[in-house]
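Undergrad: My structure is stored as query-v1.cif, with mmCIF, C-alpha atoms and all ligand atoms.
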data_input
#
loop_
_atom_site.label_atom_id
_atom_site.label_comp_id
_atom_site.auth_asym_id
_atom_site.auth_seq_id
_atom_site.Cartn_x
_atom_site.Cartn_y
_atom_site.Cartn_z
CA MET A 1 108.67 108.25 189.06
CA ALA A 2 108.13 105.74 191.87
CA THR A 3 107.93 102.10 190.75
CA PRO A 4 104.62 100.50 191.67
CA ASN A 5 104.77 98.05 194.54
CA ARG A 6 104.23 94.63 192.95
CA GLU A 7 104.21 92.61 196.18
CA PRO A 8 100.76 91.00 196.46
CA ILE A 9 98.75 92.01 199.51
CA THR A 10 98.56 89.09 201.91
CA VAL A 11 96.08 88.34 204.66
CA THR A 12 96.73 86.13 207.67
CA ARG A 13 94.27 83.21 207.77
CA TYR A 14 95.83 80.83 210.31
CA THR A 15 98.23 81.29 213.23
CA ALA A 16 101.26 78.99 213.57
CA SER A 17 99.60 77.07 216.41
CA ALA A 18 96.41 76.51 214.38
CA ARG A 19 98.54 75.21 211.49
CA ALA A 20 100.56 72.91 213.77
CA ASN A 21 97.28 71.62 215.23
CA HIS A 22 95.93 71.03 211.71
CA TRP A 23 99.00 69.15 210.48
CA VAL A 24 99.20 66.91 213.56
CA THR A 25 95.54 66.02 212.86
CA ALA A 26 96.21 65.47 209.15
CA VAL A 27 99.28 63.24 209.72
CA SER A 28 97.38 61.24 212.37
CA LEU A 29 94.50 60.63 209.98
CA VAL A 30 96.82 59.42 207.21
CA LEU A 31 98.65 57.08 209.63
CA LEU A 32 95.32 55.86 211.00
CA ALA A 33 93.98 55.18 207.52
CA LEU A 34 97.13 53.24 206.55
CA SER A 35 97.30 51.21 209.77
CA GLY A 36 93.51 50.66 209.79
CA LEU A 37 93.42 49.53 206.16
CA SER A 38 96.31 47.14 206.80
CA LEU A 39 94.16 45.37 209.44
CA PHE A 40 90.98 45.62 207.37
CA HIS A 41 91.63 43.07 204.64
CA PRO A 42 94.34 40.40 204.09
CA SER A 43 95.20 41.90 200.69
CA LEU A 44 96.29 45.10 202.49
CA PHE A 45 98.26 43.32 205.22
CA PHE A 46 101.53 44.31 203.52
CA LEU A 47 100.90 47.87 204.83
CA THR A 48 101.68 46.62 208.36
CA GLY A 49 105.32 46.71 207.19
CA LEU A 50 105.15 50.49 207.63
CA PHE A 51 104.45 50.06 211.35
CA GLY A 52 106.86 47.24 212.17
CA GLY A 53 104.58 44.25 211.52
CA GLY A 54 101.06 43.02 212.38
CA GLU A 55 101.40 42.97 216.18
CA SER A 56 102.78 46.47 216.50
CA THR A 57 100.27 47.87 213.97
CA ARG A 58 97.44 46.50 216.08
CA ALA A 59 98.98 48.07 219.20
CA ILE A 60 99.80 51.45 217.62
CA HIS A 61 96.56 52.03 215.66
CA PRO A 62 94.31 52.85 218.67
CA TRP A 63 96.91 55.20 220.15
CA ILE A 64 97.13 57.17 216.90
CA GLY A 65 93.32 57.35 217.15
CA VAL A 66 93.65 58.92 220.59
CA VAL A 67 96.11 61.50 219.18
CA LEU A 68 93.73 62.26 216.28
CA PHE A 69 90.77 62.64 218.64
CA PHE A 70 92.46 65.14 220.97
CA SER A 71 94.11 66.96 218.11
CA PHE A 72 90.77 67.28 216.31
CA CYS A 73 89.19 68.55 219.56
CA GLY A 74 91.73 71.40 219.33
CA LEU A 75 90.62 72.17 215.76
CA PHE A 76 86.99 71.93 216.80
CA ILE A 77 87.39 74.46 219.60
CA ARG A 78 89.26 76.84 217.28
CA PHE A 79 86.93 76.64 214.30
CA PHE A 80 83.41 75.57 215.32
CA ARG A 81 82.10 79.13 215.63
CA ALA A 82 83.17 80.04 212.10
CA ASN A 83 81.46 76.85 210.88
CA LEU A 84 78.03 77.56 212.37
CA TRP A 85 75.36 77.32 209.68
CA GLU A 86 73.85 80.56 208.35
CA ARG A 87 70.88 81.22 206.08
CA THR A 88 73.15 82.31 203.20
CA ASP A 89 74.78 78.86 203.29
CA ASN A 90 71.54 77.39 201.91
CA VAL A 91 71.69 79.89 199.03
CA TRP A 92 75.34 79.01 198.37
CA LEU A 93 74.48 75.29 198.29
CA SER A 94 71.55 75.87 195.92
CA LYS A 95 74.01 77.47 193.45
CA LEU A 96 76.45 74.57 193.18
CA ARG A 97 76.59 75.00 189.39
CA ASP A 98 78.05 78.50 189.88
CA VAL A 99 80.39 77.19 192.58
CA LEU A 100 81.80 74.51 190.25
CA GLY A 101 81.92 76.93 187.32
CA GLY A 102 83.91 79.43 189.39
CA HIS A 103 81.21 82.12 189.04
CA ASP A 104 81.68 83.54 192.52
CA GLU A 105 79.97 86.77 191.38
CA ASN A 106 76.61 84.88 191.41
CA LEU A 107 77.10 83.59 194.95
CA PRO A 108 76.31 85.28 198.25
CA GLU A 109 79.33 86.80 200.03
CA VAL A 110 81.05 84.08 202.04
CA GLY A 111 82.44 84.40 205.56
CA LYS A 112 85.54 82.51 206.75
CA TYR A 113 84.13 79.21 205.43
CA ASN A 114 81.68 78.37 202.66
CA ALA A 115 78.81 75.90 203.04
CA GLY A 116 80.85 73.06 201.49
CA GLN A 117 83.67 73.55 204.01
CA LYS A 118 81.13 73.71 206.83
CA LEU A 119 79.56 70.42 205.74
CA VAL A 120 83.00 68.79 205.66
CA PHE A 121 83.77 70.22 209.11
CA TRP A 122 80.57 68.87 210.73
CA LEU A 123 80.82 65.50 208.97
CA MET A 124 84.42 65.13 210.18
CA SER A 125 83.38 66.11 213.72
CA ILE A 126 80.55 63.55 213.86
CA LEU A 127 82.60 60.78 212.24
CA ILE A 128 85.59 61.30 214.54
CA VAL A 129 83.35 61.01 217.62
CA VAL A 130 81.80 57.82 216.17
CA LEU A 131 85.29 56.46 215.39
CA ILE A 132 86.72 57.07 218.86
CA ALA A 133 83.61 55.71 220.62
CA SER A 134 83.42 52.55 218.48
CA GLY A 135 87.22 52.21 218.57
CA VAL A 136 87.35 52.32 222.37
CA LEU A 137 84.56 49.71 222.57
CA SER A 138 86.59 47.36 220.38
CA TRP A 139 89.94 48.05 222.14
CA ASP A 140 90.41 44.64 223.75
CA GLN A 141 93.67 45.44 225.48
CA TYR A 142 91.95 47.82 227.93
CA PHE A 143 88.19 47.52 227.49
CA ALA A 144 87.51 43.83 226.78
CA HIS A 145 85.59 43.42 230.08
CA TYR A 146 83.16 46.24 229.37
CA THR A 147 81.50 44.81 226.24
CA THR A 148 79.85 41.57 225.17
CA VAL A 149 80.97 39.81 221.98
CA GLU A 150 77.74 40.97 220.28
CA GLN A 151 78.31 44.62 221.24
CA LYS A 152 81.88 44.41 220.04
CA ARG A 153 80.76 43.05 216.66
CA VAL A 154 78.39 45.99 216.21
CA ALA A 155 81.11 48.44 217.34
CA ILE A 156 83.58 47.02 214.78
CA LEU A 157 81.01 47.28 211.98
CA VAL A 158 80.20 50.90 212.92
CA HIS A 159 83.95 51.64 213.18
CA ASP A 160 84.63 50.26 209.67
CA VAL A 161 81.74 52.17 208.06
CA ALA A 162 82.74 55.43 209.82
CA ALA A 163 86.38 54.92 208.78
CA ILE A 164 85.45 54.52 205.10
CA ALA A 165 83.19 57.61 205.36
CA VAL A 166 85.91 59.74 206.98
CA ILE A 167 88.41 58.74 204.27
CA CYS A 168 85.87 59.85 201.60
CA VAL A 169 85.27 63.18 203.40
CA TRP A 170 89.04 63.65 203.75
CA ILE A 171 89.50 63.08 199.98
CA VAL A 172 86.85 65.77 199.28
CA HIS A 173 88.62 68.14 201.74
CA VAL A 174 92.05 67.67 200.13
CA TYR A 175 90.65 67.83 196.58
CA ALA A 176 88.85 71.11 197.35
CA ALA A 177 91.99 72.58 198.95
CA ILE A 178 94.04 71.75 195.83
CA TRP A 179 91.28 72.69 193.34
CA LEU A 180 90.86 76.23 194.69
CA ARG A 181 94.20 77.82 193.78
CA GLY A 182 95.92 79.65 196.62
CA THR A 183 94.18 77.68 199.39
CA ILE A 184 97.04 75.37 200.37
CA GLY A 185 99.17 78.41 201.30
CA ALA A 186 96.60 79.20 204.00
CA MET A 187 97.61 76.03 205.86
CA THR A 188 101.32 76.04 204.98
CA ARG A 189 102.34 79.70 205.33
CA GLY A 190 99.23 80.86 207.17
CA GLN A 191 98.68 83.52 204.49
CA VAL A 192 96.39 84.03 201.52
CA THR A 193 96.43 86.81 198.96
CA GLY A 194 94.00 89.70 199.25
CA GLY A 195 92.62 88.67 195.84
CA TRP A 196 91.88 85.13 197.07
CA ALA A 197 90.11 86.46 200.15
CA TRP A 198 88.13 89.02 198.09
CA LYS A 199 87.08 86.42 195.51
CA HIS A 200 86.20 83.50 197.80
CA HIS A 201 85.61 84.84 201.33
CA ARG A 202 84.60 88.48 200.87
CA LYS A 203 82.48 88.73 204.01
CA TRP A 204 85.40 87.43 206.08
CA LEU A 205 87.78 89.95 204.47
CA ARG A 206 85.34 92.81 205.12
CA GLU A 207 85.09 91.74 208.76
CA LEU A 208 88.88 91.58 209.04
CA VAL A 209 89.35 95.04 207.53
CA THR A 210 86.53 96.76 209.44
CA GLY A 211 87.03 94.78 212.66
CA LYS A 212 83.26 94.13 212.77
CA SER A 213 81.72 90.65 212.67
C1 LIG A 301 96.52 65.65 204.65
C2 LIG A 301 95.87 66.39 203.88
C3 LIG A 301 95.19 67.70 204.21
C4 LIG A 301 95.35 68.83 203.49
C5 LIG A 301 96.22 69.02 202.25
C6 LIG A 301 94.54 69.86 204.11
C7 LIG A 301 94.45 71.16 203.71
C8 LIG A 301 93.73 72.16 204.32
C9 LIG A 301 93.70 73.54 203.92
C10 LIG A 301 94.45 74.12 202.75
C11 LIG A 301 92.89 74.20 204.77
C12 LIG A 301 92.56 75.70 204.73
C13 LIG A 301 91.24 75.92 204.02
C14 LIG A 301 90.79 77.35 204.13
O1 LIG A 301 91.25 78.06 205.01
O2 LIG A 301 89.93 77.76 203.33
C15 LIG A 301 92.39 73.25 205.72
C16 LIG A 301 91.52 73.54 206.75
C17 LIG A 301 91.03 72.62 207.63
N1 LIG A 301 91.33 71.28 207.68
FE1 LIG A 301 92.60 70.29 206.44
N2 LIG A 301 93.89 69.31 205.18
C18 LIG A 301 94.26 67.99 205.29
C19 LIG A 301 93.82 67.08 206.24
C20 LIG A 301 92.88 67.36 207.22
C21 LIG A 301 92.35 66.39 208.15
C22 LIG A 301 92.75 64.92 208.18
C23 LIG A 301 91.46 67.03 208.94
C24 LIG A 301 90.62 66.50 210.05
C25 LIG A 301 90.41 65.25 210.33
C26 LIG A 301 91.42 68.41 208.52
C27 LIG A 301 90.63 69.40 209.09
C28 LIG A 301 90.61 70.72 208.71
C29 LIG A 301 89.80 71.74 209.34
C30 LIG A 301 88.84 71.53 210.52
C31 LIG A 301 90.08 72.93 208.68
C32 LIG A 301 89.49 74.30 208.96
C33 LIG A 301 88.41 74.53 207.92
C34 LIG A 301 87.04 74.36 208.48
O3 LIG A 301 86.87 74.52 209.69
O4 LIG A 301 86.11 74.10 207.67
N3 LIG A 301 92.30 68.58 207.47
N4 LIG A 301 92.92 72.00 205.42
#
Take the structure in the file and write it out as structure tokens.
Ligand code: HEM
TA:
Amino acid sequence: MATPNREPITVTRYTASARANHWVTAVSLVLLALSGLSLFHPSLFFLTGLFGGGESTRAIHPWIGVVLFFSFCGLFIRFFRANLWERTDNVWLSKLRDVLGGHDENLPEVGKYNAGQKLVFWLMSILIVVLIASGVLSWDQYFAHYTTVEQKRVAILVHDVAAIAVICVWIVHVYAAIWLRGTIGAMTRGQVTGGWAWKHHRKWLRELVTGKS
């Protein structure tokens, strides 16, 4: 008698280049948060030690922002279509109790991303544009002549608020990725199990299998 094949069926969710793009973005955001926080309040100044002191942190921080911006543009181009809002996303959102209770059977079939992931995606997109725009306006080394002191004050305030918001959105993103078992593998190995795809992103799996979108 043939022994049953016990290897789980796997489905490719991300290519190697999409994963590399994602991790460059993720590392940049962590470095930006650390260097930004170190300049934010005197009690966090000790964090400048990670970047070689106060002067170099101030010099490096905007450049990491530039890396994050262009890296995120790559993610945006790859994923914005799959994050476009659909009518079923409203239904999914209205059933948050079932989402949190893990009762996926009561939810509409989900495509590549659910409504929560889409909200995170669009919030990140908006906040990163706000961060780069306000960051450039307050980047004295190159742009001091283009803004008045008043404008720069407003830009710094907007930058700080957007930075705190993006850190909160990032915490939600990471928490959700850890909370839903089997999700991290999508961004590390590029693979998820067939069961994961069937349970959480059935519409996407159907489209993959049938080749129809
Ligand atoms: C450092 C911690 C991070 C972890 C552990 C993490 C983990 C993940 C995982 C597991 C996925 C796959 C989710 C799925 O396919 O269902 C994902 C997707 C994604 N991540 Fe992250 N991530 C991190 C940071 C970031 C940052 C900093 C950004 C952007 C600023 C980001 C943007 C994205 C985007 C755009 C996607 C595609 C999902 C979508 O378009 O909604 N991630 N992440």
Undergrad: List every residue of chain A that has an atom at most 8 Å from any atom of ligand LIG 301 (chain A), giving for each one its closest atom pair and the distance in Å to one decimal, counting all atoms listed in the file, sorted by chain and then by ascending residue number, as CSV.
TA:
residue,atom,partner,partner_atom,distance
A:Arg13,CA,A:LIG301,O1,6.6
A:Tyr14,CA,A:LIG301,O1,7.5
A:His22,CA,A:LIG301,N3,6.1
A:Trp23,CA,A:LIG301,C19,7.0
A:Thr25,CA,A:LIG301,C22,5.6
A:Ala26,CA,A:LIG301,C22,3.6
A:Val27,CA,A:LIG301,C1,6.3
A:Ser28,CA,A:LIG301,C22,7.2
A:Leu29,CA,A:LIG301,C22,5.0
A:Val30,CA,A:LIG301,C1,6.7
A:Leu68,CA,A:LIG301,C25,7.4
A:Phe72,CA,A:LIG301,C24,6.3
A:Leu75,CA,A:LIG301,C30,5.6
A:Phe76,CA,A:LIG301,C30,6.6
A:Phe79,CA,A:LIG301,O3,5.1
A:Phe80,CA,A:LIG301,O3,6.7
A:Ala82,CA,A:LIG301,O3,7.1
A:Asn83,CA,A:LIG301,O3,6.0
A:Lys112,CA,A:LIG301,O2,7.3
A:Tyr113,CA,A:LIG301,O4,5.9
A:Asn114,CA,A:LIG301,O4,7.9
A:Gln117,CA,A:LIG301,O4,4.4
A:Lys118,CA,A:LIG301,O4,5.1
A:Leu119,CA,A:LIG301,O4,7.8
A:Val120,CA,A:LIG301,O4,6.5
A:Phe121,CA,A:LIG301,O4,4.8
A:Met124,CA,A:LIG301,C25,6.0
A:Ser125,CA,A:LIG301,C25,7.9
A:Ile128,CA,A:LIG301,C25,7.5
A:Val166,CA,A:LIG301,C25,7.9
A:Trp170,CA,A:LIG301,C22,5.9
A:His173,CA,A:LIG301,N2,6.4
A:Val174,CA,A:LIG301,C4,4.9
A:Ala177,CA,A:LIG301,C10,4.8
A:Ile178,CA,A:LIG301,C5,7.3
A:Thr183,CA,A:LIG301,C10,4.9
A:Ile184,CA,A:LIG301,C10,3.7
A:Gly185,CA,A:LIG301,C10,6.5
A:Ala186,CA,A:LIG301,C12,5.4
A:Met187,CA,A:LIG301,C10,4.8
A:Thr188,CA,A:LIG301,C10,7.5
Undergrad: Those selected residues, please, written with C-alpha atoms and delivered as a JSON list (two decimals), in the coordinates of the input.
TA:
[["chain", "number", "residue", "atom", "x", "y", "z"],
["A", 13, "ARG", "CA", 94.27, 83.21, 207.77],
["A", 14, "TYR", "CA", 95.83, 80.83, 210.31],
["A", 22, "HIS", "CA", 95.93, 71.03, 211.71],
["A", 23, "TRP", "CA", 99.00, 69.15, 210.48],
["A", 25, "THR", "CA", 95.54, 66.02, 212.86],
["A", 26, "ALA", "CA", 96.21, 65.47, 209.15],
["A", 27, "VAL", "CA", 99.28, 63.24, 209.72],
["A", 28, "SER", "CA", 97.38, 61.24, 212.37],
["A", 29, "LEU", "CA", 94.50, 60.63, 209.98],
["A", 30, "VAL", "CA", 96.82, 59.42, 207.21],
["A", 68, "LEU", "CA", 93.73, 62.26, 216.28],
["A", 72, "PHE", "CA", 90.77, 67.28, 216.31],
["A", 75, "LEU", "CA", 90.62, 72.17, 215.76],
["A", 76, "PHE", "CA", 86.99, 71.93, 216.80],
["A", 79, "PHE", "CA", 86.93, 76.64, 214.30],
["A", 80, "PHE", "CA", 83.41, 75.57, 215.32],
["A", 82, "ALA", "CA", 83.17, 80.04, 212.10],
["A", 83, "ASN", "CA", 81.46, 76.85, 210.88],
["A", 112, "LYS", "CA", 85.54, 82.51, 206.75],
["A", 113, "TYR", "CA", 84.13, 79.21, 205.43],
["A", 114, "ASN", "CA", 81.68, 78.37, 202.66],
["A", 117, "GLN", "CA", 83.67, 73.55, 204.01],
["A", 118, "LYS", "CA", 81.13, 73.71, 206.83],
["A", 119, "LEU", "CA", 79.56, 70.42, 205.74],
["A", 120, "VAL", "CA", 83.00, 68.79, 205.66],
["A", 121, "PHE", "CA", 83.77, 70.22, 209.11],
["A", 124, "MET", "CA", 84.42, 65.13, 210.18],
["A", 125, "SER", "CA", 83.38, 66.11, 213.72],
["A", 128, "ILE", "CA", 85.59, 61.30, 214.54],
["A", 166, "VAL", "CA", 85.91, 59.74, 206.98],
["A", 170, "TRP", "CA", 89.04, 63.65, 203.75],
["A", 173, "HIS", "CA", 88.62, 68.14, 201.74],
["A", 174, "VAL", "CA", 92.05, 67.67, 200.13],
["A", 177, "ALA", "CA", 91.99, 72.58, 198.95],
["A", 178, "ILE", "CA", 94.04, 71.75, 195.83],
["A", 183, "THR", "CA", 94.18, 77.68, 199.39],
["A", 184, "ILE", "CA", 97.04, 75.37, 200.37],
["A", 185, "GLY", "CA", 99.17, 78.41, 201.30],
["A", 186, "ALA", "CA", 96.60, 79.20, 204.00],
["A", 187, "MET", "CA", 97.61, 76.03, 205.86],
["A", 188, "THR", "CA", 101.32, 76.04, 204.98]]
Undergrad: Between A:Val99, A:His145, A:Thr193, A:Trp198, which is the closest to Trp179 (chain A) once you count only C-alpha atoms?
TA: A:Val99
Undergrad: Between A:Thr15, A:Gln191, A:Thr48, A:Asn21, which has the minimum distance to Phe70 (chain A) (counting only C-alpha atoms)?
TA: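 Going through A:Thr15, A:Gln191, A:Thr48, A:Asn21 one by one, the smallest distance to Phe70 (chain A) is for A:Asn21.
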Undergrad: With a distance cut-off of 12 Å and only C-alpha atoms, select the neighbouring residues of Ala59 (chain A), excluding the residue or stretch itself and same-chain residues fewer than 5 positions from it, and output the selection as a list in words.
TA: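 The residues that qualify are Leu32, Ser35, Gly36, Leu39, Thr48, Phe51, Gly52, Gly53, Gly54, Ile64, Gly65, Trp139, Asp140, Gln141 and Tyr142 of chain A.
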Undergrad: Taking C-alpha atoms for each residue, export the selection above as a PDB file, in the coordinates of the input.
TA:
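Below you can see selection-v1.pdb, which holds the result:
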ATOM      1  CA  LEU A  32      95.320  55.860 211.000  1.00  0.00           C
ATOM      2  CA  SER A  35      97.300  51.210 209.770  1.00  0.00           C
ATOM      3  CA  GLY A  36      93.510  50.660 209.790  1.00  0.00           C
ATOM      4  CA  LEU A  39      94.160  45.370 209.440  1.00  0.00           C
ATOM      5  CA  THR A  48     101.680  46.620 208.360  1.00  0.00           C
ATOM      6  CA  PHE A  51     104.450  50.060 211.350  1.00  0.00           C
ATOM      7  CA  GLY A  52     106.860  47.240 212.170  1.00  0.00           C
ATOM      8  CA  GLY A  53     104.580  44.250 211.520  1.00  0.00           C
ATOM      9  CA  GLY A  54     101.060  43.020 212.380  1.00  0.00           C
ATOM     10  CA  ILE A  64      97.130  57.170 216.900  1.00  0.00           C
ATOM     11  CA  GLY A  65      93.320  57.350 217.150  1.00  0.00           C
ATOM     12  CA  TRP A 139      89.940  48.050 222.140  1.00  0.00           C
ATOM     13  CA  ASP A 140      90.410  44.640 223.750  1.00  0.00           C
ATOM     14  CA  GLN A 141      93.670  45.440 225.480  1.00  0.00           C
ATOM     15  CA  TYR A 142      91.950  47.820 227.930  1.00  0.00           C
TER      16      TYR A 142
END
Undergrad: Which residues are near Leu107 (chain A)? Cut-off 10 Å, all atoms listed in the file, ignore same chain within fewer than 2 positions. Put them as a ChimeraX atom specification.
TA: /A:88-89,91-96,98-99,102-105,109-110,200
Undergrad: Any chance you could export the current selection's C-alpha atoms as a CSV table (one decimal), keeping the file's coordinate frame?
TA:
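Final file, selection04.csv:
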chain,number,residue,atom,x,y,z
A,88,THR,CA,73.2,82.3,203.2
A,89,ASP,CA,74.8,78.9,203.3
A,91,VAL,CA,71.7,79.9,199.0
A,92,TRP,CA,75.3,79.0,198.4
A,93,LEU,CA,74.5,75.3,198.3
A,94,SER,CA,71.6,75.9,195.9
A,95,LYS,CA,74.0,77.5,193.4
A,96,LEU,CA,76.4,74.6,193.2
A,98,ASP,CA,78.0,78.5,189.9
A,99,VAL,CA,80.4,77.2,192.6
A,102,GLY,CA,83.9,79.4,189.4
A,103,HIS,CA,81.2,82.1,189.0
A,104,ASP,CA,81.7,83.5,192.5
A,105,GLU,CA,80.0,86.8,191.4
A,109,GLU,CA,79.3,86.8,200.0
A,110,VAL,CA,81.0,84.1,202.0
A,200,HIS,CA,86.2,83.5,197.8
Undergrad: In Å to one decimal, how far is CA of Ala133 (chain A) from CA of Arg153 (chain A)?
TA: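 According to the coordinates, CA of Arg153 (chain A) and CA of Ala133 (chain A) are separated by 13.6 Å.
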Undergrad: State, in Å with one decimal place, the distance from CA of Ala162 (chain A) to CA of Phe40 (chain A).
TA: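 Distance reported for this atom pair: 13.0 Å.
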Undergrad: Nearest to Leu31 (chain A): which of A:Thr210, A:Ser43, A:Gln151, A:Thr57 is it, counting all atoms listed in the file?
TA: A:Thr57
Undergrad: For Leu100 (chain A), which residue among A:Ala176, A:Val67, A:Leu37, A:Leu123 is the nearest when counting only C-alpha atoms?
TA: A:Ala176
Undergrad: Calculated over all atoms listed in the file, which of the candidates A:Lys203, A:Ser134, A:Gly101, A:Gly211 has the smallest distance to Leu180 (chain A)?
TA: A:Gly101
Undergrad: So what do you get for CA of Val130 (chain A) versus CA of Ile164 (chain A), distance-wise?
TA: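 CA of Ile164 (chain A) lies 12.1 Å from CA of Val130 (chain A).
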